[in-house]
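Asks: Input structure: target02.pdb, which contains PDB, C-alpha atoms.
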ATOM      1  CA  MET A   1      14.883   1.163 -34.259
ATOM      2  CA  SER A   2      13.037  -1.610 -36.118
ATOM      3  CA  VAL A   3       9.439  -2.749 -35.609
ATOM      4  CA  ILE A   4      10.698  -6.010 -34.070
ATOM      5  CA  GLN A   5      12.874  -4.108 -31.577
ATOM      6  CA  SER A   6       9.936  -1.844 -30.730
ATOM      7  CA  ILE A   7       7.617  -4.789 -30.071
ATOM      8  CA  ILE A   8      10.220  -6.639 -27.981
ATOM      9  CA  LEU A   9      10.826  -3.588 -25.803
ATOM     10  CA  GLY A  10       7.056  -3.047 -25.521
ATOM     11  CA  LEU A  11       6.564  -6.625 -24.371
ATOM     12  CA  ILE A  12       9.371  -6.229 -21.831
ATOM     13  CA  GLN A  13       7.892  -2.965 -20.535
ATOM     14  CA  GLY A  14       4.356  -4.335 -20.268
ATOM     15  CA  LEU A  15       5.440  -7.485 -18.457
ATOM     16  CA  THR A  16       7.971  -5.986 -16.054
ATOM     17  CA  GLU A  17       6.091  -2.757 -15.222
ATOM     18  CA  PHE A  18       3.443  -4.745 -13.338
ATOM     19  CA  LEU A  19       5.638  -7.441 -11.912
ATOM     20  CA  PRO A  20       7.950  -6.518  -9.020
ATOM     21  CA  VAL A  21      11.121  -6.902 -11.087
ATOM     22  CA  SER A  22      11.882  -3.310 -12.263
ATOM     23  CA  SER A  23      10.898  -2.323 -15.796
ATOM     24  CA  SER A  24      13.623   0.335 -15.968
ATOM     25  CA  ALA A  25      16.351  -2.239 -15.348
ATOM     26  CA  HIS A  26      14.957  -4.624 -17.953
ATOM     27  CA  LEU A  27      14.579  -1.897 -20.578
ATOM     28  CA  LEU A  28      18.160  -0.787 -19.993
ATOM     29  CA  ILE A  29      19.454  -4.358 -20.226
ATOM     30  CA  PHE A  30      17.489  -5.201 -23.385
ATOM     31  CA  ARG A  31      18.389  -1.899 -25.064
ATOM     32  CA  LYS A  32      22.020  -2.922 -24.635
ATOM     33  CA  LEU A  33      21.351  -6.448 -25.949
ATOM     34  CA  LEU A  34      19.369  -5.162 -28.946
ATOM     35  CA  HIS A  35      21.921  -2.414 -29.644
ATOM     36  CA  VAL A  36      19.290   0.327 -29.508
ATOM     37  CA  ALA A  37      20.960   3.713 -29.026
ATOM     38  CA  ASP A  38      19.957   5.614 -25.883
ATOM     39  CA  ASP A  39      19.191   8.765 -27.870
ATOM     40  CA  GLN A  40      16.457   6.841 -29.742
ATOM     41  CA  THR A  41      14.560   5.772 -26.646
ATOM     42  CA  VAL A  42      13.593   8.900 -24.682
ATOM     43  CA  LEU A  43      10.261   9.616 -26.379
ATOM     44  CA  PHE A  44       9.767   5.891 -27.008
ATOM     45  CA  THR A  45      10.076   5.166 -23.277
ATOM     46  CA  VAL A  46       7.479   7.862 -22.553
ATOM     47  CA  LEU A  47       5.070   6.213 -25.014
ATOM     48  CA  LEU A  48       5.686   2.780 -23.469
ATOM     49  CA  HIS A  49       4.674   4.164 -20.095
ATOM     50  CA  PHE A  50       1.525   5.642 -21.609
ATOM     51  CA  GLY A  51       0.748   2.140 -22.817
ATOM     52  CA  THR A  52       1.134   0.611 -19.378
ATOM     53  CA  ILE A  53      -0.853   3.426 -17.737
ATOM     54  CA  THR A  54      -3.668   2.537 -20.128
ATOM     55  CA  ALA A  55      -3.547  -1.028 -18.776
ATOM     56  CA  VAL A  56      -3.960   0.258 -15.196
ATOM     57  CA  VAL A  57      -6.850   2.542 -16.171
ATOM     58  CA  VAL A  58      -8.664  -0.340 -17.872
ATOM     59  CA  SER A  59      -7.993  -2.794 -15.012
ATOM     60  CA  PHE A  60      -9.048  -0.414 -12.231
ATOM     61  CA  SER A  61     -11.546   1.749 -14.121
ATOM     62  CA  LYS A  62     -14.275   1.365 -11.470
ATOM     63  CA  ASP A  63     -11.928   2.351  -8.644
ATOM     64  CA  LEU A  64     -10.517   5.298 -10.588
ATOM     65  CA  LYS A  65     -14.027   6.525 -11.437
ATOM     66  CA  ARG A  66     -15.068   6.348  -7.780
ATOM     67  CA  LEU A  67     -11.867   8.116  -6.739
ATOM     68  CA  LEU A  68     -12.537  10.907  -9.231
ATOM     69  CA  LEU A  69     -16.086  11.302  -7.908
ATOM     70  CA  ALA A  70     -14.723  11.252  -4.350
ATOM     71  CA  LEU A  71     -12.241  14.036  -5.154
ATOM     72  CA  CYS A  72     -15.043  16.123  -6.703
ATOM     73  CA  GLY A  73     -17.182  15.522  -3.627
ATOM     74  CA  ILE A  74     -14.351  16.550  -1.312
ATOM     75  CA  ALA A  75     -13.854  19.763  -3.283
ATOM     76  CA  VAL A  76     -17.580  20.619  -3.245
ATOM     77  CA  ASP A  77     -17.932  19.947   0.490
ATOM     78  CA  ALA A  78     -14.743  21.871   1.267
ATOM     79  CA  LEU A  79     -16.125  24.913  -0.561
ATOM     80  CA  HIS A  80     -19.412  24.508   1.308
ATOM     81  CA  ASN A  81     -17.596  24.388   4.644
ATOM     82  CA  LEU A  82     -15.583  27.466   3.717
ATOM     83  CA  LYS A  83     -18.791  29.316   2.861
ATOM     84  CA  VAL A  84     -20.328  28.241   6.170
ATOM     85  CA  PHE A  85     -17.243  29.398   8.064
ATOM     86  CA  ILE A  86     -17.400  32.818   6.416
ATOM     87  CA  THR A  87     -21.164  33.378   6.712
ATOM     88  CA  ASP A  88     -21.903  31.728  10.065
ATOM     89  CA  LYS A  89     -21.408  34.640  12.396
ATOM     90  CA  ASN A  90     -22.595  32.719  15.447
ATOM     91  CA  ARG A  91     -20.069  29.926  14.859
ATOM     92  CA  GLY A  92     -21.699  26.550  15.294
ATOM     93  CA  GLN A  93     -25.245  27.357  14.196
ATOM     94  CA  LYS A  94     -24.713  25.766  10.769
ATOM     95  CA  GLN A  95     -23.507  22.208  10.259
ATOM     96  CA  TYR A  96     -20.258  21.428   8.458
ATOM     97  CA  ARG A  97     -20.061  18.559   6.008
ATOM     98  CA  LYS A  98     -17.746  15.647   6.711
ATOM     99  CA  LEU A  99     -15.007  15.599   4.069
ATOM    100  CA  PHE A 100     -13.675  12.058   4.469
ATOM    101  CA  GLY A 101     -16.699  10.058   5.544
ATOM    102  CA  THR A 102     -16.490   7.260   2.949
ATOM    103  CA  ASN A 103     -13.847   4.671   2.129
ATOM    104  CA  TYR A 104     -13.131   6.145  -1.299
ATOM    105  CA  ARG A 105     -12.784   9.656   0.087
ATOM    106  CA  ARG A 106     -10.311   8.359   2.661
ATOM    107  CA  LEU A 107      -8.521   6.406  -0.083
ATOM    108  CA  ALA A 108      -8.278   9.577  -2.185
ATOM    109  CA  LEU A 109      -6.795  11.429   0.800
ATOM    110  CA  TYR A 110      -4.207   8.720   1.426
ATOM    111  CA  LEU A 111      -3.204   8.626  -2.247
ATOM    112  CA  MET A 112      -2.631  12.391  -2.133
ATOM    113  CA  ILE A 113      -0.465  11.933   0.962
ATOM    114  CA  THR A 114       1.495   9.206  -0.840
ATOM    115  CA  MET A 115       2.192  11.549  -3.756
ATOM    116  CA  ILE A 116       3.912  14.172  -1.574
ATOM    117  CA  PRO A 117       7.097  12.221  -0.673
ATOM    118  CA  THR A 118       7.021  10.495  -4.077
ATOM    119  CA  ALA A 119       7.189  13.843  -5.877
ATOM    120  CA  LEU A 120       9.780  15.366  -3.540
ATOM    121  CA  ILE A 121      12.121  12.369  -3.594
ATOM    122  CA  GLY A 122      11.593  11.814  -7.318
ATOM    123  CA  CYS A 123      12.529  15.412  -8.169
ATOM    124  CA  ALA A 124      15.516  15.414  -5.824
ATOM    125  CA  SER A 125      16.861  12.154  -7.286
ATOM    126  CA  ILE A 126      16.782  13.228 -10.970
ATOM    127  CA  PRO A 127      20.538  13.988 -11.180
ATOM    128  CA  LEU A 128      21.364  10.685  -9.454
ATOM    129  CA  VAL A 129      19.044   8.725 -11.755
ATOM    130  CA  GLU A 130      20.555  10.317 -14.875
ATOM    131  CA  MET A 131      24.044   9.468 -13.654
ATOM    132  CA  MET A 132      23.106   5.844 -12.930
ATOM    133  CA  SER A 133      21.102   5.175 -16.113
ATOM    134  CA  GLY A 134      24.018   4.761 -18.474
ATOM    135  CA  ASN A 135      25.421   1.444 -17.268
ATOM    136  CA  LEU A 136      24.371  -2.001 -16.063
ATOM    137  CA  LEU A 137      25.871  -1.815 -12.567
ATOM    138  CA  ALA A 138      23.192   0.431 -11.031
ATOM    139  CA  PRO A 139      20.190  -1.679 -12.120
ATOM    140  CA  GLY A 140      21.970  -4.799 -10.911
ATOM    141  CA  VAL A 141      22.392  -3.371  -7.412
ATOM    142  CA  GLY A 142      18.832  -2.032  -7.511
ATOM    143  CA  LEU A 143      17.493  -5.476  -8.386
ATOM    144  CA  TYR A 144      19.347  -6.912  -5.385
ATOM    145  CA  LEU A 145      17.610  -4.373  -3.141
ATOM    146  CA  THR A 146      14.246  -5.182  -4.730
ATOM    147  CA  ALA A 147      14.820  -8.882  -4.021
ATOM    148  CA  LEU A 148      15.571  -8.095  -0.368
ATOM    149  CA  MET A 149      12.382  -6.055   0.081
ATOM    150  CA  LEU A 150      10.216  -8.680  -1.632
ATOM    151  CA  THR A 151      11.634 -11.409   0.599
ATOM    152  CA  VAL A 152      10.924  -9.411   3.750
ATOM    153  CA  ALA A 153       7.383  -8.604   2.590
ATOM    154  CA  ASP A 154       6.670 -12.236   1.726
ATOM    155  CA  MET A 155       7.790 -13.405   5.185
ATOM    156  CA  LEU A 156       5.430 -11.058   7.032
ATOM    157  CA  PRO A 157       1.916 -12.161   8.007
ATOM    158  CA  ASP A 158      -1.008 -10.825   6.006
ATOM    159  CA  GLY A 159      -2.198  -7.499   7.384
ATOM    160  CA  GLU A 160      -5.725  -6.231   7.931
ATOM    161  CA  LYS A 161      -5.488  -2.551   7.003
ATOM    162  CA  THR A 162      -7.847  -1.109   4.372
ATOM    163  CA  PRO A 163      -8.940   2.502   3.723
ATOM    164  CA  ARG A 164     -11.232   2.142   6.745
ATOM    165  CA  ASN A 165      -8.429   1.670   9.285
ATOM    166  CA  MET A 166      -5.123   2.642   7.624
ATOM    167  CA  LYS A 167      -3.350   5.772   8.807
ATOM    168  CA  ALA A 168      -1.637   8.745   7.194
ATOM    169  CA  GLN A 169       1.811   7.408   8.125
ATOM    170  CA  ASP A 170       1.088   4.218   6.135
ATOM    171  CA  ALA A 171       0.382   6.311   3.043
ATOM    172  CA  PHE A 172       3.474   8.449   3.658
ATOM    173  CA  LEU A 173       5.718   5.368   3.987
ATOM    174  CA  ALA A 174       4.376   4.018   0.682
ATOM    175  CA  GLY A 175       5.186   7.366  -0.928
ATOM    176  CA  VAL A 176       8.762   7.328   0.375
ATOM    177  CA  PHE A 177       9.368   3.854  -1.045
ATOM    178  CA  GLN A 178       7.741   4.782  -4.346
ATOM    179  CA  GLY A 179       9.883   7.920  -4.582
ATOM    180  CA  PHE A 180      13.119   5.968  -4.335
ATOM    181  CA  SER A 181      11.923   3.552  -7.032
ATOM    182  CA  ALA A 182      13.049   6.108  -9.630
ATOM    183  CA  ILE A 183      16.518   4.625  -9.126
ATOM    184  CA  PRO A 184      17.207   2.000 -11.845
ATOM    185  CA  GLY A 185      16.638  -1.542 -10.636
ATOM    186  CA  LEU A 186      14.283  -0.606  -7.802
ATOM    187  CA  SER A 187      10.873  -1.860  -8.855
ATOM    188  CA  ARG A 188       8.135   0.746  -8.356
ATOM    189  CA  LEU A 189       5.524  -1.885  -7.580
ATOM    190  CA  GLY A 190       7.946  -4.089  -5.679
ATOM    191  CA  THR A 191       9.011  -1.305  -3.329
ATOM    192  CA  THR A 192       5.517   0.133  -2.888
ATOM    193  CA  ILE A 193       3.869  -3.240  -2.269
ATOM    194  CA  SER A 194       6.613  -4.056   0.236
ATOM    195  CA  ALA A 195       6.006  -0.760   2.059
ATOM    196  CA  CYS A 196       2.258  -1.430   2.162
ATOM    197  CA  VAL A 197       2.680  -4.974   3.481
ATOM    198  CA  ILE A 198       5.248  -3.828   6.056
ATOM    199  CA  GLY A 199       2.748  -1.129   7.100
ATOM    200  CA  GLY A 200       0.125  -3.799   7.818
ATOM    201  CA  MET A 201      -2.088  -3.685   4.717
ATOM    202  CA  SER A 202      -3.701  -6.842   3.414
ATOM    203  CA  ARG A 203      -1.836  -8.194   0.401
ATOM    204  CA  THR A 204      -4.747  -7.740  -2.002
ATOM    205  CA  PHE A 205      -5.275  -4.148  -0.908
ATOM    206  CA  ALA A 206      -1.511  -3.511  -1.029
ATOM    207  CA  VAL A 207      -1.464  -4.420  -4.734
ATOM    208  CA  LYS A 208      -4.514  -2.274  -5.516
ATOM    209  CA  TYR A 209      -3.134   0.676  -3.542
ATOM    210  CA  SER A 210       0.258   0.396  -5.256
ATOM    211  CA  MET A 211      -1.371   0.262  -8.693
ATOM    212  CA  LEU A 212      -3.567   3.295  -8.007
ATOM    213  CA  ALA A 213      -0.633   5.232  -6.539
ATOM    214  CA  SER A 214       1.440   4.482  -9.635
ATOM    215  CA  VAL A 215      -0.959   6.323 -11.963
ATOM    216  CA  PRO A 216      -0.273   9.906 -10.776
ATOM    217  CA  ALA A 217       3.382   9.026 -10.105
ATOM    218  CA  VAL A 218       4.012   7.790 -13.651
ATOM    219  CA  ILE A 219       1.988  10.585 -15.266
ATOM    220  CA  GLY A 220       3.904  13.178 -13.222
ATOM    221  CA  ALA A 221       7.235  11.602 -14.147
ATOM    222  CA  LEU A 222       6.284  11.550 -17.833
ATOM    223  CA  ILE A 223       5.240  15.206 -17.798
ATOM    224  CA  ALA A 224       8.537  16.128 -16.131
ATOM    225  CA  GLU A 225      10.433  14.042 -18.699
ATOM    226  CA  LEU A 226       8.652  15.740 -21.602
ATOM    227  CA  ILE A 227       9.356  19.202 -20.159
ATOM    228  CA  ARG A 228      13.053  18.437 -19.763
ATOM    229  CA  MET A 229      13.364  16.626 -23.098
ATOM    230  CA  PRO A 230      15.478  18.508 -25.683
ATOM    231  CA  GLY A 231      13.709  19.365 -28.903
ATOM    232  CA  ASN A 232      15.977  17.142 -30.960
ATOM    233  CA  LYS A 233      14.766  14.070 -29.012
ATOM    234  CA  MET A 234      11.062  14.775 -29.542
ATOM    235  CA  VAL A 235      11.094  13.157 -32.979
ATOM    236  CA  PHE A 236       8.225  10.688 -33.351
ATOM    237  CA  GLN A 237       8.656   7.493 -35.347
ATOM    238  CA  ALA A 238       5.863   5.213 -36.532
ATOM    239  CA  VAL A 239       7.694   2.136 -35.176
ATOM    240  CA  TYR A 240       6.973   3.406 -31.647
ATOM    241  CA  ILE A 241       3.252   2.573 -31.993
ATOM    242  CA  PRO A 242       3.561  -1.268 -32.054
ATOM    243  CA  GLY A 243       5.713  -1.117 -28.924
ATOM    244  CA  MET A 244       3.171   1.057 -27.095
ATOM    245  CA  ILE A 245       0.304  -1.290 -28.043
ATOM    246  CA  ALA A 246       2.320  -4.339 -26.962
ATOM    247  CA  ALA A 247       3.064  -2.688 -23.607
ATOM    248  CA  ALA A 248      -0.640  -1.981 -23.010
ATOM    249  CA  ILE A 249      -1.845  -5.506 -23.872
ATOM    250  CA  VAL A 250       0.874  -7.382 -21.981
ATOM    251  CA  GLY A 251       0.585  -4.945 -19.074
ATOM    252  CA  PHE A 252      -3.099  -5.783 -18.692
ATOM    253  CA  LEU A 253      -2.257  -9.500 -18.495
ATOM    254  CA  ALA A 254       0.666  -8.877 -16.104
ATOM    255  CA  ILE A 255      -1.645  -7.122 -13.637
ATOM    256  CA  ARG A 256      -3.766 -10.269 -13.415
ATOM    257  CA  LEU A 257      -0.637 -12.375 -12.908
ATOM    258  CA  LEU A 258       0.617 -10.130 -10.111
ATOM    259  CA  LEU A 259      -2.708 -10.272  -8.245
ATOM    260  CA  ARG A 260      -2.605 -14.061  -8.280
ATOM    261  CA  ALA A 261       1.044 -14.198  -7.235
ATOM    262  CA  VAL A 262       0.538 -11.897  -4.245
ATOM    263  CA  ARG A 263      -2.554 -13.750  -3.029
ATOM    264  CA  SER A 264      -0.661 -17.063  -3.129
ATOM    265  CA  ARG A 265       2.380 -15.561  -1.366
ATOM    266  CA  LYS A 266       4.831 -16.111  -4.218
ATOM    267  CA  LEU A 267       6.734 -12.841  -4.000
ATOM    268  CA  ARG A 268       9.890 -14.778  -3.165
ATOM    269  CA  LEU A 269       9.844 -16.258  -6.663
ATOM    270  CA  PHE A 270      10.159 -12.728  -8.027
ATOM    271  CA  ALA A 271      12.908 -12.077  -5.466
ATOM    272  CA  VAL A 272      14.904 -15.035  -6.832
ATOM    273  CA  TYR A 273      14.359 -13.769 -10.359
ATOM    274  CA  CYS A 274      15.613 -10.301  -9.374
ATOM    275  CA  LEU A 275      18.754 -11.842  -7.880
ATOM    276  CA  VAL A 276      19.448 -13.772 -11.089
ATOM    277  CA  ILE A 277      18.870 -10.814 -13.417
ATOM    278  CA  GLY A 278      20.741  -8.503 -11.051
ATOM    279  CA  THR A 279      23.740 -10.832 -11.123
ATOM    280  CA  LEU A 280      23.650 -10.992 -14.924
ATOM    281  CA  SER A 281      23.396  -7.198 -15.097
ATOM    282  CA  ILE A 282      26.414  -6.702 -12.848
ATOM    283  CA  ALA A 283      28.348  -9.339 -14.780
ATOM    284  CA  GLY A 284      27.456  -7.572 -18.022
ATOM    285  CA  TYR A 285      28.772  -4.292 -16.641
ATOM    286  CA  TYR A 286      32.209  -5.816 -16.140
ATOM    287  CA  LEU A 287      32.269  -8.077 -19.205
ATOM    288  CA  LEU A 288      30.618  -6.053 -21.968
TER     289      LEU A 288
END
Translate this file's structure into structure tokens.
Replies:
Amino acid sequence: MSVIQSIILGLIQGLTEFLPVSSSAHLLIFRKLLHVADDQTVLFTVLLHFGTITAVVVSFSKDLKRLLLALCGIAVDALHNLKVFITDKNRGQKQYRKLFGTNYRRLALYLMITMIPTALIGCASIPLVEMMSGNLLAPGVGLYLTALMLTVADMLPDGEKTPRNMKAQDAFLAGVFQGFSAIPGLSRLGTTISACVIGGMSRTFAVKYSMLASVPAVIGALIAELIRMPGNKMVFQAVYIPGMIAAAIVGFLAIRLLLRAVRSRKLRLFAVYCLVIGTLSIAGYYLL
């Protein structure tokens, strides 16, 4: 892999990871076009995702910090309540602390609920994903499905749900959609945002929730990928670094673009794009 190829793939990853158009499909397509061998891209793909995760952390640093503090607070209060339960012999004489009394504590709870179906479906779909990742047909079909979900989400009225009034089933539905996004061509953000909008969340909150939910999902997927990666594919090359940096910088800019697009109800533009690229991908499967 050359430096130019690394940078191009980094730019593609950074742009498509945070637009609802499926980064996995685009990486697969451009690897074929650039003639980059699949056995050269396993560790490189992991590093590209680290780059885009960095973009999310920078963009939502305040929210992530508050979520971390909320999780620590939940843990401390849960231990306090356990101590009260054990030591309060009269049952009811001592007051228990409320675990989910703030918006960020509720948001942390819902994100944990989202991760359950994401992890279960993601692990169960590993053999299917590996089987579908070697050709252009699967991402083409996946892009068609992404276009359908984006169109449906864009047609729905703006919801009103936030951490204050959303429910556990909303978080679970988002996790189910995010879990299936491991399939090539299904955009992680596209499917999760669609699930959030369908569940009644406001569009702005749907984007933020999808971004925050992607952090543990991507980190978990990368850890699983590293554990399963054969030793002969763990070879690091210096040309990977420019691609990772490009993914981080472009990813940061793509997040801003997505927020504007969702607020102005332009998801259907991404749906049209997915249809075009999906058609080209399917055509490439039969012609190349």
Asks: Can you check which parts of range 255-274 of chain A lie within 6 Å of range 8-27 of chain A? Per residue, the shortest pair of atoms and distance in Å to one decimal, counting only C-alpha atoms, sorted by chain and number, as a Markdown table.
Replies:
| residue | atom | partner | partner_atom | distance |
| --- | --- | --- | --- | --- |
| A:Ile255 | CA | A:Phe18 | CA | 5.6 |
| A:Leu258 | CA | A:Leu19 | CA | 6.0 |
| A:Cys274 | CA | A:Val21 | CA | 5.9 |
Asks: Output C-alpha atoms of each residue in that selection to a file, as a compact mmCIF listing (two decimals), in the frame of the given file.
Replies:
# COMPACT_ATOMS: atom_id res chain seq x y z
CA ILE A 255 -1.64 -7.12 -13.64
CA LEU A 258 0.62 -10.13 -10.11
CA CYS A 274 15.61 -10.30 -9.37
Asks: For Gly200 in chain A, which residue among A:Thr151, A:Ser61, A:Thr162, A:Gln237 is the nearest when counting all atoms listed in the file?
Replies: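 Looking at the shortest contact to Gly200 in chain A, the residue is A:Thr162.
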Asks: Evaluate the PyMOL selection byres ((chain A and resi 70) around 9) here and jot the selected residues down as number ranges by chain.
Replies: A: 65-69, 71-75, 100, 102, 104-108
Asks: Quick one, how far is CA of Thr45 in chain A from CA of Lys266 in chain A?
Replies: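 Distance between the two atoms: 29.0 Å.
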Asks: Compare A:Ile116, A:Pro139, A:Arg164, A:Ala78 by their minimum atom-to-atom distance to Asn103 in chain A, counting only C-alpha atoms, and give me the closest one.
Replies: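 Once distances to Asn103 in chain A are computed over only C-alpha atoms, the minimum belongs to A:Arg164.
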Asks: Counting only C-alpha atoms, which of A:Ile121, A:Phe60, A:Asn81, A:Leu226 gets nearest to Ser210 in chain A?
Replies: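 For Ser210 in chain A, the nearest of the candidates is A:Phe60.
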